[in-house]
Protein chains: 2
Amino acid sequence: MQRRQESLDAVKVRTLPVQVAAHLTRRIVSGDISDGRAPSELDISREFGVSRVVARETLKILASLDIVDVAQGRRVVVRPRAEWDYLSPLLIEWLPAEIVGELLQELHQMRVLLEPELAAMAAASVTGETLDRLRGELDRMAALEADPDAYLEVDHEFHMEICRAADNRILDRIMYSARWLGTASRRITNEAPAGLCRATAEHTEIYEALVARDPAAARAAMRRHLSNNYSTLIAEKGKQTKRAARRR
Amino acid sequence: MQRRQESLDAVKVRTLPVQVAAHLTRRIVSGDISDGRAPSELDISREFGVSRVVARETLKILASLDIVDVAQGRRVVVRPRAEWDYLSPLLIEWLPAEIVGELLQELHQMRVLLEPELAAMAAASVTGETLDRLRGELDRMAALEADPDAYLEVDHEFHMEICRAADNRILDRIMYSARWLGTASRRITNEAPAGLCRATAEHTEIYEALVARDPAAARAAMRRHLSNNYSTLIAEKGKQTKRAARRR
DNA sequence: GGTGGGTAACTTGTCCTATAAGCTGATGAC
DNA sequence: GTCATCAGCTTATAGGACAAGTTACCCACC
C-alpha cells in the first residue's frame with residue numbers, strides 16, 4: 001500500500017488553489033499576515049486574480065491543515081502554529097528550511113519510539129511474501145546507491161513494509177505520513193546523504209533478524225539503524241552550517 | 001492547544017459536501033460502490049440533487065482522506081481501504097461500529113508505544129504551569145464522574161497536556177488525532193464507560209510522578225493506566241456482545 | 001492485418017454571476 | 001444602560017459556460 005508516485009507529483013504543476021495556499025502559508029509564517037487577520041474569499045480572489053471558486057478551495061485546503069479556521073459569517077482566523085497539521089507533507093513543503101530541520105528531529109524522536117517495536121512485532125508475525133519483498137528492496141537499494149533520491153524512496157518502502165507486517169492501520173498511517181522525511185532531509189542537508197552504503201548494511205541486519213523471526217534482534221537492529229541515521233543527519237547539518245558560515 | 005469544541009461540532013449540522021461525502025463513504029464501505037467505479041462530479045450532482053460546486057467539494061474531501069484518487073481528465077477511482085486516512089476523526093465517524101472497534105484496538109496499541117515514553121519525557125522537563133493545569137483537570141474530572149462525555153473530554157485534555165510537555169509537534173499531532181477515541185469507545189460500548197473513578201485515581205498517580213519529576217514512575221503509571229483502560233474497553237465490548245447474543 | 005494518428009466524448013479545472021444563510025457590530029428605541 | 005433590530009460583512013449553494021487534460025474508439029495508411 002501507500003505507493004503513490006511522489007516523484008511524479010513533485011514534477012507535476014500543482015493546481016491553482018494549492019499554489020495560492022502555499023503562498024499564503026509562507027506569508028503567514030513570515031509574519032506578513034498578522035494573527036487573526038487572514039484574507040477572505042474575496043480578498044484572495046482580488047489579490048491573486050483568481051475566481052472565487054479557487055479562493056474558496058484555497059481556504060478549504062488551509063482549513064484542512066488546521067492553518068486557519070473558516071466558518072460562515074465569521075472572518076477567517078489564523079490558528080496558533082502549534083496546532084497546524086505537521087503530519088501533512090504538503091505543509092512541510094511550504095515551510096522554511098529551519099523549521100523543517102526542527103521537525104525532522106521531532107520526527108526522528110517519534111520513529112525511535114515506534115519503529116523498533118514495529119520491527120519486533122513484525123519479527124513475530126512476518127510472512128514469506130513480506131520477506132521476499134524486503135529482499136527485493138534490499139537488492140534495489142544496493143543498486144541505487146548512486147541515486148540518492150531513488151534510494152530514499154525504496155528506503156521508505158522498506159520501512160513501510162515492516163510497518164505493514166505489524167498489521168495496524170493507525171501505526172501504518174503514522175509511518176506513511178512520515179514519507180516527507182526523504183525529501184525534507186535532502187532539502188536540509190542540500191546534498192547527497194552520506195552513508196547510503198552503511199544504511200544498506202543496517203537494513204540487511206534488520207532483514208536477517210526478521211528472517212530469523214527474532215523480535216529482540218530486530219528491535220536492536222532497527223534501533224541501531226535509526227541512531228546512525230540521526231547522527232548522519234546531524235553531521236550533514238553541521239557541515240552545511242559550517243559551509244554557510246565560511247561563505248560569510 | 002487543540003481546544004476546538006468537538007462537542008459543538010457534533011451538534012452543528014454539517015455542510016452539504018460533508019454529508020454527501022459521508023453517504024458515499026458508507027456506500028463504498030458496504031460494497032455498494034464497486035472498486036474503480038466511483039461517481040464523477042456530474043454523477044454526484046445529479047444523484048444527490050446538489051450543484052456541481054458541492055459535488056466537487058465532496059470529491060475533494062474524499063480525496064483528502066485518501067478514499068479516492070481524483071485527477072483532471074481521469075475517472076475518479078476508489079483507493080484500497082488499507083490506504084485511507086484512519087487518523088481522521090471525520091472518517092472514523094462514517095465507519096461502521098465493527099471497524100471502529102478494530103481501529104480502537106489498533107489505536108490503543110499505538111498509545112501503549114508512545115504515551116509511557118511521553119510521560120517519562122514530560123517528567124524530565126515539566127513546568128509548574130503545566131502541573132497547575134493538570135491539577136485543575138484532575139479536579140474537574142473528579143467532579144464530572146457522573147457525566148462521561150464531559151469527563152472523557154477533560155481526560156483527553158489531560159493526556160494532551162502531558163504530550164505537550166514533551167515539546168514535539170509531530171507526537172503532539174499524532175496524539176491530537178486520537179481525539180476520536182472518546183466518542184468512538186462510547187459508540188462501541190454503547191453505554192457509560194465503567195471505571196471512571198478508577199481512572200481518576202490512575203491519573204492522580206501519573207500526576208504525582210510528574211510532580212516528583214520521576215520519569216520511571218511516570219512511565220510505569222501511564223503504562224498501568226493504559227492497560228486498565230484497555231481491559232475496561234474489552235470487558236465492555238464483551239458485555240455488549242453477550243447482550244446482543246442473548247437477544248438473538 | 002497491424003500500426004499509427006487523430007478525433008470525439010468524457011472528465012476535472014477555472015471563471016462568472018446570482019442568491020441564500022449566518023455572524024458581527026453599530027444604531028436606535030425603550 | 002439594556003436589548004432588539006438591521007445593515008453590511010462573511011461563507012454556502014446554485015447554474016451556466018469554457019478551458020484543459022485523458023481515454024478510447026475509429027479510420028487511414030502501411
# chains A, B, ... in the order shown; residues from 1 in each chain; ligands from 1
call {"tool": "interface_residues", "arguments": {"of": "chain D", "to": "chain B", "cutoff": "9 Å", "atoms": "only C-alpha atoms (C1' of nucleotides)", "output": "list of chain:residue names"}}
result
D:DA12, D:DT13, D:DA14, D:DG15, D:DA20, D:DG21, D:DT22, D:DT23
call {"tool": "closest_atom_pairs", "arguments": {"of": "chain C", "to": "chain A", "cutoff": "6 Å", "atoms": "only C-alpha atoms (C1' of nucleotides)", "output": "tab-separated table"}}
result
residue	atom	partner	partner_atom	distance
C:DC15	C1'	A:Ser51	CA	5.8
C:DG22	C1'	A:Gly73	CA	5.1
C:DC23	C1'	A:Gly73	CA	4.3
call {"tool": "write_last_selection", "arguments": {"atoms": "N, CA and C atoms (P, O5', C5', C4', C3', O3' and C1' of nucleotides)", "output": "PDB file, in the first residue's frame"}}
result
ATOM      1  P    DC C  15      -9.373  31.140 -12.190  1.00  0.00           P
ATOM      2  O5'  DC C  15     -10.715  31.640 -12.878  1.00  0.00           O
ATOM      3  C5'  DC C  15     -10.735  31.885 -14.274  1.00  0.00           C
ATOM      4  C4'  DC C  15     -12.143  32.236 -14.712  1.00  0.00           C
ATOM      5  C3'  DC C  15     -12.809  33.337 -13.884  1.00  0.00           C
ATOM      6  O3'  DC C  15     -13.005  34.490 -14.673  1.00  0.00           O
ATOM      7  C1'  DC C  15     -14.311  31.531 -14.343  1.00  0.00           C
ATOM      8  P    DG C  22     -28.815  29.399   8.412  1.00  0.00           P
ATOM      9  O5'  DG C  22     -27.602  30.110   9.154  1.00  0.00           O
ATOM     10  C5'  DG C  22     -26.270  29.710   8.865  1.00  0.00           C
ATOM     11  C4'  DG C  22     -25.307  30.809   9.255  1.00  0.00           C
ATOM     12  C3'  DG C  22     -25.578  31.405  10.644  1.00  0.00           C
ATOM     13  O3'  DG C  22     -24.388  31.344  11.399  1.00  0.00           O
ATOM     14  C1'  DG C  22     -25.265  33.106   9.042  1.00  0.00           C
ATOM     15  P    DC C  23     -24.409  31.578  12.995  1.00  0.00           P
ATOM     16  O5'  DC C  23     -23.465  32.847  13.194  1.00  0.00           O
ATOM     17  C5'  DC C  23     -22.146  32.791  12.667  1.00  0.00           C
ATOM     18  C4'  DC C  23     -21.600  34.194  12.550  1.00  0.00           C
ATOM     19  C3'  DC C  23     -21.629  34.989  13.855  1.00  0.00           C
ATOM     20  O3'  DC C  23     -20.300  35.343  14.177  1.00  0.00           O
ATOM     21  C1'  DC C  23     -22.488  36.271  12.033  1.00  0.00           C
TER      22       DC C  23
END
call {"tool": "closest_atom_pairs", "arguments": {"of": "chain A", "to": "chain B", "cutoff": "8 Å", "atoms": "only C-alpha atoms", "output": "JSON lines"}}
result
{"residue": "A:Met1", "atom": "CA", "partner": "B:Glu83", "partner_atom": "CA", "distance": 6.2}
{"residue": "A:Gln2", "atom": "CA", "partner": "B:Glu83", "partner_atom": "CA", "distance": 6.0}
{"residue": "A:Pro80", "atom": "CA", "partner": "B:Met1", "partner_atom": "CA", "distance": 7.8}
{"residue": "A:Ala82", "atom": "CA", "partner": "B:Arg169", "partner_atom": "CA", "distance": 6.9}
{"residue": "A:Glu83", "atom": "CA", "partner": "B:Gln2", "partner_atom": "CA", "distance": 6.1}
{"residue": "A:Asp85", "atom": "CA", "partner": "B:Arg173", "partner_atom": "CA", "distance": 6.6}
{"residue": "A:Tyr86", "atom": "CA", "partner": "B:Ile170", "partner_atom": "CA", "distance": 6.2}
{"residue": "A:Leu87", "atom": "CA", "partner": "B:Ile170", "partner_atom": "CA", "distance": 6.6}
{"residue": "A:Leu103", "atom": "CA", "partner": "B:Ile170", "partner_atom": "CA", "distance": 7.2}
{"residue": "A:Glu106", "atom": "CA", "partner": "B:Asn168", "partner_atom": "CA", "distance": 5.6}
{"residue": "A:Leu107", "atom": "CA", "partner": "B:Ile170", "partner_atom": "CA", "distance": 6.0}
{"residue": "A:Met110", "atom": "CA", "partner": "B:Leu171", "partner_atom": "CA", "distance": 6.4}
{"residue": "A:Leu113", "atom": "CA", "partner": "B:Leu114", "partner_atom": "CA", "distance": 6.4}
{"residue": "A:Leu114", "atom": "CA", "partner": "B:Leu113", "partner_atom": "CA", "distance": 6.4}
{"residue": "A:Glu117", "atom": "CA", "partner": "B:Leu113", "partner_atom": "CA", "distance": 7.7}
{"residue": "A:Asn168", "atom": "CA", "partner": "B:Glu106", "partner_atom": "CA", "distance": 5.6}
{"residue": "A:Arg169", "atom": "CA", "partner": "B:Glu106", "partner_atom": "CA", "distance": 6.9}
{"residue": "A:Ile170", "atom": "CA", "partner": "B:Leu107", "partner_atom": "CA", "distance": 6.0}
{"residue": "A:Leu171", "atom": "CA", "partner": "B:Met110", "partner_atom": "CA", "distance": 6.4}
{"residue": "A:Arg173", "atom": "CA", "partner": "B:Asp85", "partner_atom": "CA", "distance": 6.6}
{"residue": "A:Ile174", "atom": "CA", "partner": "B:Ile174", "partner_atom": "CA", "distance": 7.4}
call {"tool": "residues_around", "arguments": {"residues": "Ser125 (chain B)", "least_positions_apart": "5", "cutoff": "10 Å", "atoms": "only C-alpha atoms (C1' of nucleotides)", "output": "list in words"}}
result
Ala120, Ala165, Ala166, Asp167, Leu210, Arg213 and Pro215 of chain B
call {"tool": "atom_distance", "arguments": {"atom1": "CA of Ser30 (chain B)", "atom2": "C1' of DT12 (chain C)"}}
result
26.7 Å
call {"tool": "residues_around", "arguments": {"residues": "DG25 (chain C)", "least_positions_apart": "5", "cutoff": "12 Å", "atoms": "only C-alpha atoms (C1' of nucleotides)", "output": "number ranges by chain"}}
result
D: 5-9
call {"tool": "write_last_selection", "arguments": {"atoms": "C-alpha atoms (C1' of nucleotides)", "output": "PDB file, in the first residue's frame"}}
result
ATOM      1  C1'  DT D   5     -33.219  45.344  15.046  1.00  0.00           C
ATOM      2  C1'  DC D   6     -30.910  45.866  10.976  1.00  0.00           C
ATOM      3  C1'  DA D   7     -27.091  46.900   7.650  1.00  0.00           C
ATOM      4  C1'  DG D   8     -23.091  45.022   5.952  1.00  0.00           C
ATOM      5  C1'  DC D   9     -19.986  41.817   6.021  1.00  0.00           C
TER       6       DC D   9
END
call {"tool": "residues_around", "arguments": {"residues": "DT7 (chain C)", "least_positions_apart": "6", "cutoff": "12 Å", "atoms": "only C-alpha atoms (C1' of nucleotides)", "output": "PDB file with N, CA and C atoms (P, O5', C5', C4', C3', O3' and C1' of nucleotides), in the first residue's frame"}}
result
ATOM      1  P    DT D  23      -5.532   8.297 -19.021  1.00  0.00           P
ATOM      2  O5'  DT D  23      -6.742   7.702 -19.874  1.00  0.00           O
ATOM      3  C5'  DT D  23      -8.054   7.830 -19.359  1.00  0.00           C
ATOM      4  C4'  DT D  23      -9.053   7.417 -20.417  1.00  0.00           C
ATOM      5  C3'  DT D  23      -8.680   6.149 -21.174  1.00  0.00           C
ATOM      6  O3'  DT D  23      -9.738   5.221 -21.021  1.00  0.00           O
ATOM      7  C1'  DT D  23      -9.309   7.882 -22.681  1.00  0.00           C
ATOM      8  P    DA D  24      -9.527   3.701 -21.479  1.00  0.00           P
ATOM      9  O5'  DA D  24     -10.415   3.656 -22.796  1.00  0.00           O
ATOM     10  C5'  DA D  24     -11.644   4.349 -22.828  1.00  0.00           C
ATOM     11  C4'  DA D  24     -12.162   4.410 -24.256  1.00  0.00           C
ATOM     12  C3'  DA D  24     -11.855   3.153 -25.087  1.00  0.00           C
ATOM     13  O3'  DA D  24     -12.962   2.881 -25.923  1.00  0.00           O
ATOM     14  C1'  DA D  24     -10.944   5.032 -26.156  1.00  0.00           C
ATOM     15  P    DC D  25     -13.121   1.403 -26.520  1.00  0.00           P
ATOM     16  O5'  DC D  25     -13.940   1.694 -27.853  1.00  0.00           O
ATOM     17  C5'  DC D  25     -14.720   2.890 -27.935  1.00  0.00           C
ATOM     18  C4'  DC D  25     -14.397   3.629 -29.224  1.00  0.00           C
ATOM     19  C3'  DC D  25     -14.287   2.719 -30.468  1.00  0.00           C
ATOM     20  O3'  DC D  25     -15.296   3.103 -31.378  1.00  0.00           O
ATOM     21  C1'  DC D  25     -12.531   4.301 -30.401  1.00  0.00           C
ATOM     22  P    DC D  26     -15.663   2.098 -32.610  1.00  0.00           P
ATOM     23  O5'  DC D  26     -15.279   2.955 -33.883  1.00  0.00           O
ATOM     24  C5'  DC D  26     -15.343   4.384 -33.827  1.00  0.00           C
ATOM     25  C4'  DC D  26     -14.463   4.970 -34.908  1.00  0.00           C
ATOM     26  C3'  DC D  26     -14.333   4.082 -36.154  1.00  0.00           C
ATOM     27  O3'  DC D  26     -14.509   4.885 -37.309  1.00  0.00           O
ATOM     28  C1'  DC D  26     -12.195   4.658 -35.366  1.00  0.00           C
ATOM     29  P    DC D  27     -14.923   4.202 -38.720  1.00  0.00           P
ATOM     30  O5'  DC D  27     -14.104   5.075 -39.773  1.00  0.00           O
ATOM     31  C5'  DC D  27     -13.567   6.334 -39.377  1.00  0.00           C
ATOM     32  C4'  DC D  27     -12.140   6.475 -39.878  1.00  0.00           C
ATOM     33  C3'  DC D  27     -11.856   5.740 -41.195  1.00  0.00           C
ATOM     34  O3'  DC D  27     -11.261   6.645 -42.105  1.00  0.00           O
ATOM     35  C1'  DC D  27     -10.193   5.229 -39.623  1.00  0.00           C
TER      36       DC D  27
END
call {"tool": "residues_around", "arguments": {"residues": "DA17 (chain D)", "least_positions_apart": "6", "cutoff": "12 Å", "atoms": "only C-alpha atoms (C1' of nucleotides)", "output": "PDB file with N, CA and C atoms (P, O5', C5', C4', C3', O3' and C1' of nucleotides), in the first residue's frame"}}
result
ATOM      1  P    DT C  14      -7.368  24.890 -11.087  1.00  0.00           P
ATOM      2  O5'  DT C  14      -8.309  25.995 -11.712  1.00  0.00           O
ATOM      3  C5'  DT C  14      -7.945  26.588 -12.943  1.00  0.00           C
ATOM      4  C4'  DT C  14      -9.067  27.460 -13.460  1.00  0.00           C
ATOM      5  C3'  DT C  14      -9.535  28.558 -12.503  1.00  0.00           C
ATOM      6  O3'  DT C  14      -9.047  29.792 -12.981  1.00  0.00           O
ATOM      7  C1'  DT C  14     -11.340  27.548 -13.697  1.00  0.00           C
ATOM      8  P    DC C  15      -9.373  31.140 -12.190  1.00  0.00           P
ATOM      9  O5'  DC C  15     -10.715  31.640 -12.878  1.00  0.00           O
ATOM     10  C5'  DC C  15     -10.735  31.885 -14.274  1.00  0.00           C
ATOM     11  C4'  DC C  15     -12.143  32.236 -14.712  1.00  0.00           C
ATOM     12  C3'  DC C  15     -12.809  33.337 -13.884  1.00  0.00           C
ATOM     13  O3'  DC C  15     -13.005  34.490 -14.673  1.00  0.00           O
ATOM     14  C1'  DC C  15     -14.311  31.531 -14.343  1.00  0.00           C
ATOM     15  P    DC C  16     -13.337  35.879 -13.986  1.00  0.00           P
ATOM     16  O5'  DC C  16     -14.936  35.936 -14.046  1.00  0.00           O
ATOM     17  C5'  DC C  16     -15.593  35.784 -15.310  1.00  0.00           C
ATOM     18  C4'  DC C  16     -17.093  35.679 -15.108  1.00  0.00           C
ATOM     19  C3'  DC C  16     -17.666  36.635 -14.057  1.00  0.00           C
ATOM     20  O3'  DC C  16     -18.460  37.610 -14.712  1.00  0.00           O
ATOM     21  C1'  DC C  16     -18.588  34.422 -13.866  1.00  0.00           C
ATOM     22  P    DT C  17     -18.973  38.887 -13.892  1.00  0.00           P
ATOM     23  O5'  DT C  17     -20.462  38.434 -13.505  1.00  0.00           O
ATOM     24  C5'  DT C  17     -21.172  37.564 -14.378  1.00  0.00           C
ATOM     25  C4'  DT C  17     -22.437  37.068 -13.714  1.00  0.00           C
ATOM     26  C3'  DT C  17     -23.025  38.007 -12.652  1.00  0.00           C
ATOM     27  O3'  DT C  17     -24.414  38.109 -12.855  1.00  0.00           O
ATOM     28  C1'  DT C  17     -22.808  35.851 -11.767  1.00  0.00           C
TER      29       DT C  17
END
call {"tool": "residues_around", "arguments": {"residues": "His23 (chain B)", "least_positions_apart": "4", "cutoff": "12 Å", "atoms": "only C-alpha atoms (C1' of nucleotides)", "output": "list in words"}}
result
Leu16, Pro17, Val18, Gln19, Arg27, Ile28, Val29, Ser30, Asp32, Ile33, Ile44, Glu47, Phe48, Thr58, Leu59, Leu62, Leu91, Glu93, Trp94 and Leu95 of chain B
